[in-house]
$ cat structure.pdb   # PDB, C-alpha atoms and all ligand atoms
MODEL        1
ATOM      1  CA  MET A  39     -76.301  74.284 179.012
ATOM      2  CA  SER A  40     -75.305  77.565 177.329
ATOM      3  CA  PHE A  41     -74.309  78.218 173.710
ATOM      4  CA  SER A  42     -72.070  81.009 172.455
ATOM      5  CA  TYR A  43     -73.712  80.958 168.981
ATOM      6  CA  PRO A  44     -77.205  80.450 167.523
ATOM      7  CA  ILE A  45     -77.896  76.718 167.113
ATOM      8  CA  LEU A  46     -80.790  77.236 164.707
ATOM      9  CA  PRO A  47     -79.872  80.280 162.611
ATOM     10  CA  GLY A  48     -82.949  82.173 161.448
ATOM     11  CA  GLY A  49     -84.979  81.041 164.441
ATOM     12  CA  HIS A  50     -86.708  78.143 162.663
ATOM     13  CA  LEU A  51     -86.082  74.419 162.146
ATOM     14  CA  LEU A  52     -87.036  73.800 158.533
ATOM     15  CA  ALA A  53     -84.531  71.159 157.456
ATOM     16  CA  ILE A  54     -81.404  69.265 158.451
ATOM     17  CA  GLU A  55     -79.747  70.318 155.191
ATOM     18  CA  GLY A  56     -77.787  73.445 156.008
ATOM     19  CA  LEU A  57     -77.154  72.623 159.682
ATOM     20  CA  GLU A  58     -73.449  72.385 160.518
ATOM     21  CA  PRO A  59     -72.038  69.439 162.530
ATOM     22  CA  PRO A  60     -71.504  71.631 165.653
ATOM     23  CA  HIS A  61     -75.194  72.667 165.515
ATOM     24  CA  ILE A  62     -76.274  69.024 165.257
ATOM     25  CA  SER A  63     -73.946  67.964 168.073
ATOM     26  CA  ALA A  64     -75.189  70.782 170.318
ATOM     27  CA  LEU A  65     -78.825  69.798 169.722
ATOM     28  CA  LEU A  66     -78.021  66.154 170.471
ATOM     29  CA  GLU A  67     -76.164  67.077 173.688
ATOM     30  CA  LEU A  68     -79.111  69.149 174.858
ATOM     31  CA  ALA A  69     -81.558  66.385 173.886
ATOM     32  CA  GLU A  70     -79.485  63.872 175.856
ATOM     33  CA  SER A  71     -79.868  66.046 178.958
ATOM     34  CA  TYR A  72     -83.651  66.108 178.375
ATOM     35  CA  ALA A  73     -83.698  62.321 177.919
ATOM     36  CA  LEU A  74     -82.124  61.997 181.386
ATOM     37  CA  LEU A  75     -84.506  64.585 182.863
ATOM     38  CA  ASN A  76     -87.513  62.740 181.416
ATOM     39  CA  ARG A  77     -86.333  59.433 182.857
ATOM     40  CA  SER A  78     -85.957  61.092 186.265
ATOM     41  CA  GLY A  79     -89.612  62.211 186.089
ATOM     42  CA  LYS A  80     -88.698  65.899 186.553
ATOM     43  CA  THR A  81     -89.952  68.769 184.363
ATOM     44  CA  GLN A  82     -88.782  72.296 183.603
ATOM     45  CA  ARG A  83     -92.026  74.194 183.452
ATOM     46  CA  ASP A  84     -90.554  77.710 183.568
ATOM     47  CA  LEU A  85     -88.610  77.614 180.285
ATOM     48  CA  LEU A  86     -91.592  78.164 177.947
ATOM     49  CA  LYS A  87     -93.928  79.743 180.514
ATOM     50  CA  GLY A  88     -96.142  82.309 178.786
ATOM     51  CA  ARG A  89     -95.291  80.945 175.322
ATOM     52  CA  THR A  90     -97.887  79.435 172.993
ATOM     53  CA  LEU A  91     -97.173  76.443 170.794
ATOM     54  CA  ILE A  92     -99.624  75.493 168.057
ATOM     55  CA  ASN A  93     -99.545  72.072 166.392
ATOM     56  CA  LEU A  94    -100.798  72.577 162.834
ATOM     57  CA  PHE A  95    -100.932  69.150 161.191
ATOM     58  CA  PHE A  96    -102.420  68.881 157.713
ATOM     59  CA  GLU A  97    -101.450  65.179 157.622
ATOM     60  CA  ASP A  98    -102.089  62.443 160.164
ATOM     61  CA  SER A  99     -99.611  61.836 162.973
ATOM     62  CA  THR A 100     -99.393  59.923 166.232
ATOM     63  CA  ARG A 101     -95.760  60.182 167.343
ATOM     64  CA  THR A 102     -94.720  63.628 166.142
ATOM     65  CA  ARG A 103     -97.806  65.548 167.204
ATOM     66  CA  THR A 104     -98.096  63.856 170.606
ATOM     67  CA  SER A 105     -94.406  64.280 171.386
ATOM     68  CA  PHE A 106     -94.441  67.981 170.452
ATOM     69  CA  GLU A 107     -97.451  68.379 172.744
ATOM     70  CA  LEU A 108     -95.679  66.572 175.583
ATOM     71  CA  ALA A 109     -92.430  68.460 174.964
ATOM     72  CA  GLY A 110     -94.195  71.819 174.999
ATOM     73  CA  LYS A 111     -96.137  70.991 178.170
ATOM     74  CA  ARG A 112     -93.052  69.662 179.978
ATOM     75  CA  LEU A 113     -91.367  73.017 179.296
ATOM     76  CA  GLY A 114     -94.393  75.020 180.467
ATOM     77  CA  ALA A 115     -95.866  76.226 177.138
ATOM     78  CA  ASP A 116     -99.564  76.597 176.425
ATOM     79  CA  VAL A 117    -100.106  73.969 173.729
ATOM     80  CA  ILE A 118    -102.943  74.011 171.216
ATOM     81  CA  ASN A 119    -103.563  71.126 168.828
ATOM     82  CA  MET A 120    -105.415  72.636 165.924
ATOM     83  CA  SER A 121    -107.777  70.162 164.325
ATOM     84  CA  VAL A 122    -107.372  70.910 160.626
ATOM     85  CA  SER A 123    -110.335  68.694 159.746
ATOM     86  CA  GLN A 124    -112.612  70.960 161.853
ATOM     87  CA  SER A 125    -110.995  74.249 160.848
ATOM     88  CA  SER A 126    -111.779  76.873 158.222
ATOM     89  CA  VAL A 127    -109.317  75.095 155.929
ATOM     90  CA  ASN A 128    -112.399  73.040 155.040
ATOM     91  CA  LYS A 129    -114.116  76.236 153.886
ATOM     92  CA  GLY A 130    -111.297  76.927 151.463
ATOM     93  CA  GLU A 131    -109.009  79.075 153.651
ATOM     94  CA  THR A 132    -105.469  78.973 152.294
ATOM     95  CA  LEU A 133    -102.420  77.752 154.160
ATOM     96  CA  ILE A 134    -101.000  81.272 154.394
ATOM     97  CA  ASP A 135    -104.279  82.817 155.560
ATOM     98  CA  THR A 136    -104.566  80.087 158.206
ATOM     99  CA  ALA A 137    -101.033  80.803 159.403
ATOM    100  CA  SER A 138    -101.587  84.583 159.370
ATOM    101  CA  THR A 139    -104.687  84.079 161.509
ATOM    102  CA  LEU A 140    -102.706  82.069 164.056
ATOM    103  CA  ASN A 141     -99.938  84.667 163.883
ATOM    104  CA  ALA A 142    -102.404  87.437 164.786
ATOM    105  CA  MET A 143    -103.124  85.498 167.984
ATOM    106  CA  HIS A 144     -99.407  85.883 168.884
ATOM    107  CA  CYS A 145     -98.433  82.252 168.632
ATOM    108  CA  ASP A 146     -94.728  81.835 169.455
ATOM    109  CA  LEU A 147     -93.991  78.385 168.062
ATOM    110  CA  LEU A 148     -95.747  76.850 165.062
ATOM    111  CA  VAL A 149     -95.221  73.142 164.406
ATOM    112  CA  VAL A 150     -96.312  72.334 160.855
ATOM    113  CA  ARG A 151     -96.843  69.087 158.956
ATOM    114  CA  HIS A 152     -98.006  69.397 155.365
ATOM    115  CA  ALA A 153     -98.222  67.211 152.260
ATOM    116  CA  GLN A 154     -96.465  69.840 150.135
ATOM    117  CA  SER A 155     -92.674  69.997 150.263
ATOM    118  CA  GLY A 156     -91.626  73.516 151.229
ATOM    119  CA  ALA A 157     -94.876  74.498 153.015
ATOM    120  CA  PRO A 158     -93.168  75.159 156.415
ATOM    121  CA  ALA A 159     -90.444  77.239 154.714
ATOM    122  CA  LEU A 160     -93.115  79.327 152.983
ATOM    123  CA  LEU A 161     -94.922  79.871 156.283
ATOM    124  CA  SER A 162     -91.703  80.919 158.010
ATOM    125  CA  GLN A 163     -91.574  83.906 155.637
ATOM    126  CA  LYS A 164     -95.137  84.939 156.492
ATOM    127  CA  VAL A 165     -95.364  84.605 160.280
ATOM    128  CA  SER A 166     -93.394  86.014 163.197
ATOM    129  CA  ALA A 167     -93.543  82.694 165.106
ATOM    130  CA  CYS A 168     -90.675  80.193 165.072
ATOM    131  CA  VAL A 169     -91.649  77.506 162.564
ATOM    132  CA  ILE A 170     -90.730  73.861 163.043
ATOM    133  CA  ASN A 171     -91.066  71.445 160.142
ATOM    134  CA  ALA A 172     -92.839  68.313 161.398
ATOM    135  CA  GLY A 173     -92.616  66.677 157.958
ATOM    136  CA  ASP A 174     -93.264  68.286 154.549
ATOM    137  CA  GLY A 175     -94.130  66.113 151.573
ATOM    138  CA  THR A 176     -91.136  64.064 150.512
ATOM    139  CA  HIS A 177     -88.696  66.836 151.500
ATOM    140  CA  GLU A 178     -87.600  66.559 155.159
ATOM    141  CA  HIS A 179     -88.589  65.487 158.667
ATOM    142  CA  PRO A 180     -85.778  67.087 160.665
ATOM    143  CA  THR A 181     -86.817  66.153 164.207
ATOM    144  CA  GLN A 182     -87.132  62.491 163.137
ATOM    145  CA  ALA A 183     -83.513  62.489 161.933
ATOM    146  CA  LEU A 184     -82.403  64.130 165.191
ATOM    147  CA  LEU A 185     -84.209  61.544 167.322
ATOM    148  CA  ASP A 186     -82.796  58.748 165.170
ATOM    149  CA  ALA A 187     -79.292  60.171 165.618
ATOM    150  CA  LEU A 188     -79.782  60.487 169.384
ATOM    151  CA  THR A 189     -80.950  56.855 169.565
ATOM    152  CA  ILE A 190     -77.968  55.626 167.526
ATOM    153  CA  ARG A 191     -75.533  57.668 169.618
ATOM    154  CA  ARG A 192     -76.935  56.262 172.857
ATOM    155  CA  ARG A 193     -76.644  52.693 171.573
ATOM    156  CA  LYS A 194     -73.354  52.937 169.646
ATOM    157  CA  GLY A 195     -71.638  55.817 171.461
ATOM    158  CA  ARG A 196     -70.984  57.738 168.212
ATOM    159  CA  LEU A 197     -72.204  58.447 164.695
ATOM    160  CA  GLU A 198     -68.868  58.905 162.953
ATOM    161  CA  GLY A 199     -67.614  55.824 161.103
ATOM    162  CA  LEU A 200     -70.823  53.795 161.516
ATOM    163  CA  THR A 201     -72.411  52.063 158.526
ATOM    164  CA  VAL A 202     -76.132  52.830 158.369
ATOM    165  CA  ALA A 203     -78.361  51.001 155.862
ATOM    166  CA  ILE A 204     -81.613  52.877 155.087
ATOM    167  CA  CYS A 205     -83.938  50.377 153.434
ATOM    168  CA  GLY A 206     -87.185  50.337 151.486
ATOM    169  CA  ASP A 207     -89.369  53.129 150.119
ATOM    170  CA  VAL A 208     -86.770  55.893 149.846
ATOM    171  CA  LEU A 209     -88.664  57.551 146.982
ATOM    172  CA  HIS A 210     -91.444  58.857 149.228
ATOM    173  CA  SER A 211     -89.437  59.203 152.423
ATOM    174  CA  ARG A 212     -88.732  62.589 154.019
ATOM    175  CA  VAL A 213     -87.252  60.584 156.916
ATOM    176  CA  ALA A 214     -84.639  59.102 154.572
ATOM    177  CA  ARG A 215     -83.667  62.508 153.160
ATOM    178  CA  SER A 216     -83.230  64.111 156.597
ATOM    179  CA  ASN A 217     -81.267  61.101 157.811
ATOM    180  CA  ILE A 218     -78.985  61.150 154.768
ATOM    181  CA  HIS A 219     -78.178  64.834 155.383
ATOM    182  CA  LEU A 220     -77.586  64.350 159.105
ATOM    183  CA  LEU A 221     -75.614  61.100 158.985
ATOM    184  CA  SER A 222     -73.453  62.301 156.083
ATOM    185  CA  ALA A 223     -72.700  65.568 157.925
ATOM    186  CA  MET A 224     -71.636  63.538 160.967
ATOM    187  CA  ASN A 225     -69.345  61.303 158.857
ATOM    188  CA  ALA A 226     -71.373  58.101 159.031
ATOM    189  CA  ARG A 227     -71.343  55.846 155.962
ATOM    190  CA  VAL A 228     -74.852  55.791 154.477
ATOM    191  CA  ARG A 229     -76.226  53.020 152.272
ATOM    192  CA  ILE A 230     -79.589  53.206 150.556
ATOM    193  CA  VAL A 231     -81.187  49.825 149.868
ATOM    194  CA  GLY A 232     -84.318  49.177 147.810
ATOM    195  CA  PRO A 233     -85.771  48.326 144.420
ATOM    196  CA  PRO A 234     -84.802  50.695 141.572
ATOM    197  CA  THR A 235     -88.430  51.949 141.377
ATOM    198  CA  LEU A 236     -88.216  53.231 144.967
ATOM    199  CA  ILE A 237     -84.801  54.927 144.800
ATOM    200  CA  PRO A 238     -84.874  58.330 143.113
ATOM    201  CA  ALA A 239     -81.864  59.527 141.093
ATOM    202  CA  GLU A 240     -81.690  62.650 143.269
ATOM    203  CA  VAL A 241     -80.969  60.539 146.386
ATOM    204  CA  ALA A 242     -78.351  58.523 144.546
ATOM    205  CA  ARG A 243     -76.580  61.853 143.890
ATOM    206  CA  MET A 244     -76.448  62.690 147.614
ATOM    207  CA  GLY A 245     -73.131  60.889 148.079
ATOM    208  CA  VAL A 246     -74.551  57.634 149.434
ATOM    209  CA  GLU A 247     -73.989  54.035 148.346
ATOM    210  CA  VAL A 248     -76.970  52.561 146.500
ATOM    211  CA  HIS A 249     -77.819  48.854 146.756
ATOM    212  CA  HIS A 250     -80.708  47.023 145.148
ATOM    213  CA  ASP A 251     -79.955  43.818 147.015
ATOM    214  CA  MET A 252     -80.520  43.479 150.777
ATOM    215  CA  ARG A 253     -77.570  41.127 151.207
ATOM    216  CA  SER A 254     -74.942  43.563 149.896
ATOM    217  CA  GLY A 255     -76.756  46.508 151.488
ATOM    218  CA  LEU A 256     -76.853  45.015 154.964
ATOM    219  CA  GLU A 257     -73.449  43.314 154.961
ATOM    220  CA  GLY A 258     -71.451  44.686 157.907
ATOM    221  CA  ALA A 259     -74.053  47.346 158.772
ATOM    222  CA  ASP A 260     -74.107  48.742 162.332
ATOM    223  CA  VAL A 261     -77.610  50.137 161.951
ATOM    224  CA  VAL A 262     -80.504  48.843 159.840
ATOM    225  CA  MET A 263     -83.154  51.521 159.391
ATOM    226  CA  MET A 264     -86.361  50.275 157.770
ATOM    227  CA  LEU A 265     -88.794  52.684 156.086
ATOM    228  CA  ARG A 266     -92.550  52.467 155.780
ATOM    229  CA  LEU A 267     -93.886  51.507 152.362
ATOM    230  CA  GLN A 268     -95.971  54.655 151.701
ATOM    231  CA  LYS A 269     -98.758  53.177 149.623
ATOM    232  CA  GLU A 270    -100.888  56.316 150.025
ATOM    233  CA  ARG A 271     -98.309  58.356 148.072
ATOM    234  CA  MET A 272     -97.743  55.768 145.322
ATOM    235  CA  VAL A 273     -98.934  56.433 141.803
ATOM    236  CA  GLY A 274     -98.865  53.344 139.588
ATOM    237  CA  GLY A 275     -97.368  49.944 140.290
ATOM    238  CA  LEU A 276     -94.011  50.729 141.887
ATOM    239  CA  VAL A 277     -94.141  47.492 143.871
ATOM    240  CA  PRO A 278     -95.485  44.214 142.409
ATOM    241  CA  SER A 279     -97.202  43.047 145.624
ATOM    242  CA  SER A 280     -96.748  43.364 149.393
ATOM    243  CA  ARG A 281     -95.865  39.669 149.602
ATOM    244  CA  GLU A 282     -93.153  39.992 146.955
ATOM    245  CA  PHE A 283     -91.828  43.205 148.524
ATOM    246  CA  PHE A 284     -91.458  41.428 151.862
ATOM    247  CA  ARG A 285     -89.710  38.482 150.216
ATOM    248  CA  PHE A 286     -87.003  40.668 148.694
ATOM    249  CA  TYR A 287     -86.859  43.745 150.946
ATOM    250  CA  GLY A 288     -88.730  42.960 154.183
ATOM    251  CA  LEU A 289     -86.457  42.647 157.217
ATOM    252  CA  ASP A 290     -86.586  39.194 158.795
ATOM    253  CA  ALA A 291     -84.083  37.154 160.825
ATOM    254  CA  GLU A 292     -82.447  35.710 157.722
ATOM    255  CA  LYS A 293     -81.701  39.113 156.187
ATOM    256  CA  LEU A 294     -80.723  40.696 159.521
ATOM    257  CA  ALA A 295     -78.048  37.999 159.890
ATOM    258  CA  TRP A 296     -76.134  39.726 157.031
ATOM    259  CA  ALA A 297     -75.627  42.828 159.213
ATOM    260  CA  LYS A 298     -73.174  42.960 162.146
ATOM    261  CA  PRO A 299     -74.182  40.636 165.014
ATOM    262  CA  ASP A 300     -74.792  43.683 167.228
ATOM    263  CA  ALA A 301     -76.576  45.761 164.567
ATOM    264  CA  ILE A 302     -79.583  47.672 165.846
ATOM    265  CA  VAL A 303     -82.917  47.818 163.998
ATOM    266  CA  MET A 304     -84.816  51.087 163.603
ATOM    267  CA  HIS A 305     -88.141  52.156 162.097
ATOM    268  CA  PRO A 306     -89.665  55.661 162.288
ATOM    269  CA  GLY A 307     -93.197  54.251 162.531
ATOM    270  CA  PRO A 308     -95.954  53.664 161.819
ATOM    271  CA  MET A 309     -94.912  50.141 160.778
ATOM    272  CA  ASN A 310     -96.471  47.876 158.166
ATOM    273  CA  ARG A 311     -95.782  44.591 159.918
ATOM    274  CA  GLY A 312     -95.163  41.739 157.498
ATOM    275  CA  ILE A 313     -94.474  44.155 154.617
ATOM    276  CA  GLU A 314     -91.232  46.038 155.407
ATOM    277  CA  ILE A 315     -90.490  44.367 158.746
ATOM    278  CA  ASP A 316     -91.261  41.040 160.381
ATOM    279  CA  SER A 317     -92.973  41.313 163.775
ATOM    280  CA  ALA A 318     -90.397  38.977 165.333
ATOM    281  CA  ILE A 319     -87.657  41.543 164.515
ATOM    282  CA  ALA A 320     -89.704  44.647 165.344
ATOM    283  CA  ASP A 321     -90.504  43.227 168.788
ATOM    284  CA  ASP A 322     -87.066  41.730 169.542
ATOM    285  CA  PRO A 323     -85.720  43.675 172.556
ATOM    286  CA  GLU A 324     -82.159  42.523 171.751
ATOM    287  CA  ARG A 325     -82.149  44.200 168.315
ATOM    288  CA  SER A 326     -85.052  46.620 167.940
ATOM    289  CA  VAL A 327     -84.723  50.180 169.288
ATOM    290  CA  ILE A 328     -88.067  51.340 167.901
ATOM    291  CA  GLY A 329     -89.504  52.070 171.361
ATOM    292  CA  GLU A 330     -86.397  54.065 172.306
ATOM    293  CA  GLN A 331     -86.789  56.134 169.111
ATOM    294  CA  VAL A 332     -90.243  57.196 170.307
ATOM    295  CA  GLU A 333     -88.876  58.035 173.775
ATOM    296  CA  MET A 334     -86.039  60.095 172.268
ATOM    297  CA  GLY A 335     -88.604  61.933 170.135
ATOM    298  CA  VAL A 336     -89.866  63.770 173.213
ATOM    299  CA  ALA A 337     -86.320  64.665 174.355
ATOM    300  CA  VAL A 338     -85.293  65.944 170.904
ATOM    301  CA  ARG A 339     -88.432  68.059 170.574
ATOM    302  CA  MET A 340     -87.809  69.542 174.046
ATOM    303  CA  ALA A 341     -84.280  70.445 172.916
ATOM    304  CA  VAL A 342     -85.548  72.075 169.721
ATOM    305  CA  LEU A 343     -88.191  74.075 171.632
ATOM    306  CA  ASP A 344     -85.580  75.093 174.229
ATOM    307  CA  VAL A 345     -83.196  76.375 171.528
ATOM    308  CA  LEU A 346     -85.960  78.266 169.731
ATOM    309  CA  ALA A 347     -87.141  79.798 173.031
ATOM    310  CA  ARG A 348     -83.613  81.170 173.462
ATOM    311  CA  GLU A 349     -83.916  82.714 169.977
ATOM    312  CA  LEU A 350     -87.255  84.270 170.985
ATOM    313  CA  ARG A 351     -85.631  85.767 174.096
ATOM    314  CA  ARG A 352     -82.626  86.974 172.108
ATOM    315  CA  ASN A 353     -84.922  88.771 169.625
ATOM    316  CA  ALA A 354     -87.370  90.129 172.241
TER     317      ALA A 354
HETATM  318  N1  LIG B 401     -92.426  58.967 162.516
HETATM  319  C1  LIG B 401     -93.512  59.769 162.399
HETATM  320  O1  LIG B 401     -93.441  60.883 161.870
HETATM  321  O2  LIG B 401     -94.643  59.230 162.930
HETATM  322  P1  LIG B 401     -96.074  59.964 162.949
HETATM  323  O3  LIG B 401     -96.547  60.040 161.516
HETATM  324  O4  LIG B 401     -96.945  59.086 163.808
HETATM  325  O5  LIG B 401     -95.882  61.335 163.524
ENDMDL
END
$ encode --input "structure.pdb" --output "structure tokens"
Amino acid sequence: MSFSYPILPGGHLLAIEGLEPPHISALLELAESYALLNRSGKTQRDLLKGRTLINLFFEDSTRTRTSFELAGKRLGADVINMSVSQSSVNKGETLIDTASTLNAMHCDLLVVRHAQSGAPALLSQKVSACVINAGDGTHEHPTQALLDALTIRRRKGRLEGLTVAICGDVLHSRVARSNIHLLSAMNARVRIVGPPTLIPAEVARMGVEVHHDMRSGLEGADVVMMLRLQKERMVGGLVPSSREFFRFYGLDAEKLAWAKPDAIVMHPGPMNRGIEIDSAIADDPERSVIGEQVEMGVAVRMAVLDVLARELRRNA
């Protein structure tokens, strides 16, 4: 696949906000071709041959870090997972000094997850490597939104005109913000559903519908996207109790019946079973596409690395 224009202007992927619909569509097309390649069991080990990818995760991760590692290896990169807990960060080294050190080793691609919103953008100004945001604070998680979009497109054939209900802890969710930007850009109808304490005013201003009741929020939805209740980021009593949260906002068969009969169920993971989603729904192969989201994560990250490798070649 060839492109006549840069898909990721600036040579980084820091956010979905700012990407134009043709950029998003091109990334999804490329990711679709990688999804097919992965299912065929083939690899393309020459594309990133001689390139070094460093995973720099200051927060825990299973899906994102592993899929970037797999994606890099399937494209032929040398992949290093830096263990922050065993690094000089523990001796007080700053984020920028850590990145500058990695930069001096001529790293080509730096995948960064950090608790502070804006940390990857700051790094992108300090290093010569391409920087990929793997989740920063409550700001964005761009590759998650891309893999969600790819999964929806594969199941529904399009994004435009679909009604997508994003439910639960929107306040702390970088996944929700990236999805709102992407789905709105692609002309999907986005609904945010949750208790008033978990829906920030800033999200309500992003041109989405806001519902505090699951029934009205899910009515006629094509896609029901559940979010993890991020207890580790909560200050104060935003939610009365897990049991009460599940009663009003947890997805079970009764609430899912308000959505379209063929609505798909998504969750970025990791899940709190019995809090935001009932196990019977999460594990229902007729409705849940959670496993496919993980599979598409590898394909999307291969597409992002492929596009950035083209930028590296262009600037060489
Ligand atoms: N969805 C997601 O970012 O999962 P991890 O925290 O496991 O990477």
$ axis_aligned_box --input "structure.pdb" --around "ligand LIG 401 (chain B)" --padding-each-side "8 Å" --output "AutoDock Vina command-line options"
--center_x -94.7 --center_y 60.2 --center_z 162.7 --size_x 20.5 --size_y 18.4 --size_z 18.3
$ residues_near_ligand --input "structure.pdb" --ligand "ligand LIG 401 (chain B)" --cutoff "8 Å" --atoms "all atoms listed in the file" --output "VMD selection string"
chain A and resid 98 to 104 172 to 173 179 182 213 306 to 308
$ write_last_selection --input "structure.pdb" --atoms "C-alpha atoms" --output "mmCIF file, keeping the file's coordinate frame"
data_model
loop_
_atom_site.group_PDB
_atom_site.id
_atom_site.type_symbol
_atom_site.label_atom_id
_atom_site.label_comp_id
_atom_site.auth_asym_id
_atom_site.auth_seq_id
_atom_site.Cartn_x
_atom_site.Cartn_y
_atom_site.Cartn_z
ATOM 1 C CA ASP A 98 -102.089 62.443 160.164
ATOM 2 C CA SER A 99 -99.611 61.836 162.973
ATOM 3 C CA THR A 100 -99.393 59.923 166.232
ATOM 4 C CA ARG A 101 -95.760 60.182 167.343
ATOM 5 C CA THR A 102 -94.720 63.628 166.142
ATOM 6 C CA ARG A 103 -97.806 65.548 167.204
ATOM 7 C CA THR A 104 -98.096 63.856 170.606
ATOM 8 C CA ALA A 172 -92.839 68.313 161.398
ATOM 9 C CA GLY A 173 -92.616 66.677 157.958
ATOM 10 C CA HIS A 179 -88.589 65.487 158.667
ATOM 11 C CA GLN A 182 -87.132 62.491 163.137
ATOM 12 C CA VAL A 213 -87.252 60.584 156.916
ATOM 13 C CA PRO A 306 -89.665 55.661 162.288
ATOM 14 C CA GLY A 307 -93.197 54.251 162.531
ATOM 15 C CA PRO A 308 -95.954 53.664 161.819
#
$ resolve_selection --input "structure.pdb" --expression "the PyMOL selection byres (((chain A and resi 339) around 8) and not hetatm)" --output "mmCIF file with C-alpha atoms, in the coordinates of the input"
data_model
loop_
_atom_site.group_PDB
_atom_site.id
_atom_site.type_symbol
_atom_site.label_atom_id
_atom_site.label_comp_id
_atom_site.auth_asym_id
_atom_site.auth_seq_id
_atom_site.Cartn_x
_atom_site.Cartn_y
_atom_site.Cartn_z
ATOM 1 C CA ALA A 69 -81.558 66.385 173.886
ATOM 2 C CA SER A 105 -94.406 64.280 171.386
ATOM 3 C CA PHE A 106 -94.441 67.981 170.452
ATOM 4 C CA ALA A 109 -92.430 68.460 174.964
ATOM 5 C CA THR A 181 -86.817 66.153 164.207
ATOM 6 C CA GLY A 335 -88.604 61.933 170.135
ATOM 7 C CA VAL A 336 -89.866 63.770 173.213
ATOM 8 C CA ALA A 337 -86.320 64.665 174.355
ATOM 9 C CA VAL A 338 -85.293 65.944 170.904
ATOM 10 C CA MET A 340 -87.809 69.542 174.046
ATOM 11 C CA ALA A 341 -84.280 70.445 172.916
ATOM 12 C CA VAL A 342 -85.548 72.075 169.721
ATOM 13 C CA LEU A 343 -88.191 74.075 171.632
#
$ closest_residue --input "structure.pdb" --among "A:Gly79, A:Gly255, A:Gly232, A:Gly288" --to "Ala318 of chain A" --atoms "only C-alpha atoms"
A:Gly288
$ closest_residue --input "structure.pdb" --among "A:Asp290, A:Glu257, A:Asp186, A:Glu67" --to "Gln331 of chain A" --atoms "all atoms listed in the file"
A:Asp186
$ closest_atom_pairs --input "structure.pdb" --of "segment 81-196 of chain A" --to "segment 202-207 of chain A" --cutoff "12 Å" --atoms "all atoms listed in the file" --output "JSON lines"
{"residue": "A:Thr176", "atom": "CA", "partner": "A:Asp207", "partner_atom": "CA", "distance": 11.1}
{"residue": "A:Ala183", "atom": "CA", "partner": "A:Ile204", "partner_atom": "CA", "distance": 12.0}
{"residue": "A:Asp186", "atom": "CA", "partner": "A:Val202", "partner_atom": "CA", "distance": 11.2}
{"residue": "A:Ala187", "atom": "CA", "partner": "A:Val202", "partner_atom": "CA", "distance": 10.8}
{"residue": "A:Ile190", "atom": "CA", "partner": "A:Val202", "partner_atom": "CA", "distance": 9.7}
{"residue": "A:Lys194", "atom": "CA", "partner": "A:Val202", "partner_atom": "CA", "distance": 11.6}
$ resolve_selection --input "structure.pdb" --expression "the PyMOL selection byres (((chain A and resi 113) around 12) and not hetatm)" --output "PyMOL selection string"
chain A and resi 72+75-76+80-91+106-112+114-117+336-337+339-345+347
$ write_last_selection --input "structure.pdb" --atoms "C-alpha atoms" --output "CSV table (one decimal), in the frame of the given file"
chain,number,residue,atom,x,y,z
A,72,TYR,CA,-83.7,66.1,178.4
A,75,LEU,CA,-84.5,64.6,182.9
A,76,ASN,CA,-87.5,62.7,181.4
A,80,LYS,CA,-88.7,65.9,186.6
A,81,THR,CA,-90.0,68.8,184.4
A,82,GLN,CA,-88.8,72.3,183.6
A,83,ARG,CA,-92.0,74.2,183.5
A,84,ASP,CA,-90.6,77.7,183.6
A,85,LEU,CA,-88.6,77.6,180.3
A,86,LEU,CA,-91.6,78.2,177.9
A,87,LYS,CA,-93.9,79.7,180.5
A,88,GLY,CA,-96.1,82.3,178.8
A,89,ARG,CA,-95.3,80.9,175.3
A,90,THR,CA,-97.9,79.4,173.0
A,91,LEU,CA,-97.2,76.4,170.8
A,106,PHE,CA,-94.4,68.0,170.5
A,107,GLU,CA,-97.5,68.4,172.7
A,108,LEU,CA,-95.7,66.6,175.6
A,109,ALA,CA,-92.4,68.5,175.0
A,110,GLY,CA,-94.2,71.8,175.0
A,111,LYS,CA,-96.1,71.0,178.2
A,112,ARG,CA,-93.1,69.7,180.0
A,114,GLY,CA,-94.4,75.0,180.5
A,115,ALA,CA,-95.9,76.2,177.1
A,116,ASP,CA,-99.6,76.6,176.4
A,117,VAL,CA,-100.1,74.0,173.7
A,336,VAL,CA,-89.9,63.8,173.2
A,337,ALA,CA,-86.3,64.7,174.4
A,339,ARG,CA,-88.4,68.1,170.6
A,340,MET,CA,-87.8,69.5,174.0
A,341,ALA,CA,-84.3,70.4,172.9
A,342,VAL,CA,-85.5,72.1,169.7
A,343,LEU,CA,-88.2,74.1,171.6
A,344,ASP,CA,-85.6,75.1,174.2
A,345,VAL,CA,-83.2,76.4,171.5
A,347,ALA,CA,-87.1,79.8,173.0
$ residues_around --input "structure.pdb" --residues "segment 294-297 of chain A" --least-positions-apart "3" --cutoff "7 Å" --atoms "all atoms listed in the file" --output "VMD selection string"
chain A and resid 253 256 to 260 289 to 291 301
$ closest_residue --input "structure.pdb" --among "A:Val303, A:Leu52, A:Leu147, A:Val261" --to "Ala167 of chain A" --atoms "all atoms listed in the file"
A:Leu147
$ atom_distance --input "structure.pdb" --atom1 "atom CA of Gly175 of chain A" --atom2 "atom CA of Leu265 of chain A"
15.1 Å
$ closest_residue --input "structure.pdb" --among "A:Leu133, A:Leu197, A:Leu65, A:Leu236" --to "Ala223 of chain A" --atoms "only C-alpha atoms"
A:Leu197
$ atom_distance --input "structure.pdb" --atom1 "atom CA of Ser121 of chain A" --atom2 "atom CA of Val150 of chain A"
12.2 Å
$ atom_distance --input "structure.pdb" --atom1 "atom CA of Gly199 of chain A" --atom2 "atom CA of Pro180 of chain A"
21.4 Å
$ residues_around --input "structure.pdb" --residues "Asn141 of chain A" --least-positions-apart "4" --cutoff "12 Å" --atoms "all atoms listed in the file" --output "ChimeraX atom specification"
/A:90-92,134-137,145-148,161-169
